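Undergrad: Got a structure here, written out as structure tokens. Questions coming.
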There are 2 protein chains.
Amino acid sequence: MQIAIPLFPGHTALDSVGPYQVFSYLPGAEVVVCAARPGVVEDDAGLLAVDVRRSLADVPSPDVIVVPGGQSTHRMIRDGDPVIDWIRTTAPHATWTTSVCTGALLLGAAGLLTGLPATTHWASYDVLASFGASPTQQRVVEAGAVVTAAGVSAGIDLALTLVGKLAGDDAARAIQLGIEYDPQPPYDAGAPSKATPAIRELVGAVLDEQRRAALAGR
Amino acid sequence: MQIAIPLFPGHTALDSVGPYQVFSYLPGAEVVVCAARPGVVEDDAGLLAVDVRRSLADVPSPDVIVVPGGQSTHRMIRDGDPVIDWIRTTAPHATWTTSVCTGALLLGAAGLLTGLPATTHWASYDVLASFGASPTQQRVVEAGAVVTAAGVSAGIDLALTLVGKLAGDDAARAIQLGIEYDPQPPYDAGAPSKATPAIRELVGAVLDEQRRAALAGR
């Protein structure tokens with residue numbers, strides 16, 4: 001079973017590495033990190049650079065697709081991108097096509113979300129709706145072969161959910177124990193409904209500015 | 001404020017990327033990923049290769065040190081390693097010296113844990129104790145300037161805890177909301193006390209074999 005994680009400049013590192021770590025422990029799975037061209041792909045903070053060895057063309061028929069997000073997705077859906085084209089051609093043959101955070105926007109641009117419930121980072125529900133999806137405030141949203149997860153850290157929950165489907169509940173539990181995923185956040189502000197209005201507005205403003213910067217190519 | 005994350009061959013990707021993602025959103029923080037030598041550093045699954053631009057020597061006085069783990073730490077503490085030497089010389093001047101998972105073994109080898117409560121991946125409590133530390137079954141253990149976290153995914157909780165200390169509770173809450181860290185694991189087996197004996201034994205056996213392989217240089 002091949003699990004493909006396409007990276008692109010400006011992806012959010014944890015969006016991809018969360019699921020990557022879970023799937024890397026799945027017996028029989030070949031996890032492939034790929035990109036439009038092999039070479040170094042920087043994340044959105046510009047601090048973590050992944051040396052990608054496989055091109056999208058090297059991965060024409062993955063069984064599972066896991067698309068990370070990042071503010072650069074806003075530019076990609078405006079301008080088009082090889083990752084979107086690749087999703088469009090590979091998804092019809094995949095068992096599961098999934099996304100983390102604003103990776104859902106790339107699924108939307110590939111035409112996969114029309115009429116479906118889906119989720120993304122809470123600050124991008126409006127853009128998700130523009131693809132004909134119904135934004136759904138759940139951590140992981142299943143709609144047939146398309147499974148979308150909420151922002152950034154939700155990819156870990158997505159991946160464990162998928163492992164349960166692919167290899168059974170006990171396989172997922174074993175991996176959860178292996179990565180000691182017994183989360184105990186020191187605060188309880190991880191969803192818009194749980195944060196104060198002031199913090200929501202602050203984070204929303206920062207993300208809006210990042211989105212504008214990404215659209216301007218900064 | 002400089003936050004250093006030293007990588008080494010065989011580190012566990014999520015150990016470093018969880019805290020990295022949290023700190024990358026901390027205003028005023030310079031997050032530096034470094035390694036013994038600049039160049040490509042592979043993770044323990046051999047599937048994710050990080051192009052590291054800074055050497056340990058380039059980062060002589062970080063304010064915060066975040067050491068990831070991985071099975072290769074068992075070889076490093078047996079044979080010695082530049083990362084251990086770097087921890088030994090930089091930690092006395094750092095505000096916080098921290099670890100995720102078996103990164104704690106490197107702190108132990110650097111002499112930082114003698115007589116202190118500390119944690120690590122649950123499968124390595126015995127090795128942690130060999131450095132004079134008192135293994136403590138908590139997700140994040142604070143002992144003065146040394147803060148250790150449990151296995152792999154616990155680095156996210158560690159980093160949010162540290163952001164609260166460095167920049168205040170609301171800064172930590174804002175980052176938690178930014179990465180939508182409202183975890184909802186689909187299973188409840190993320191700690192040894194929560195998994196069945198059969199799953200504990202299975203995962204323990206897999207980890208033992210990985211440890212043996214790392215010690216044998218495989």
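Here, A, B, ... name the chains of the structure tokens in the order displayed, residue numbers run from 1 inside each chain, and ligands are numbered from 1 in the same displayed order.
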Using only C-alpha atoms and a distance of at most 6 Å, pull out the residues of chain A that contact chain B, as a count of residues only.
TA: 20
Undergrad: Can you list, as a ChimeraX atom specification, all residues belonging to range 92-136 of chain B that DSSP tags as alpha helix (DSSP H)?
TA: /B:103-109,125-129
Undergrad: What residues in chain B get the DSSP label strand (DSSP E or B)? Please answer as a ChimeraX atom specification.
TA: /B:2-6,11,30-35,39-43,49-52,54-55,64-67,96-100,117-118,134-135,140-143,146-149
Undergrad: Counting only C-alpha atoms, figure out which residue out of B:Val83, B:Ala29, B:Ala94, B:Leu106 gets nearest to Gln71 in chain B.
TA: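 Among the listed residues, B:Leu106 lies closest to Gln71 in chain B.
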Undergrad: So that I can see what lies close to His93 in chain A, please list as a ChimeraX atom specification the residues with an atom at most 10 Å from it, counting only C-alpha atoms and leaving out residues fewer than 2 positions away in the same chain.
TA: /A:60-64,88-91,95-97
Undergrad: Quick one: everything within 12 Å of Thr119 in chain B, counting only C-alpha atoms, minus sequence neighbours fewer than 4 positions away in the same chain. Send it as a count of residues only.
TA: 41
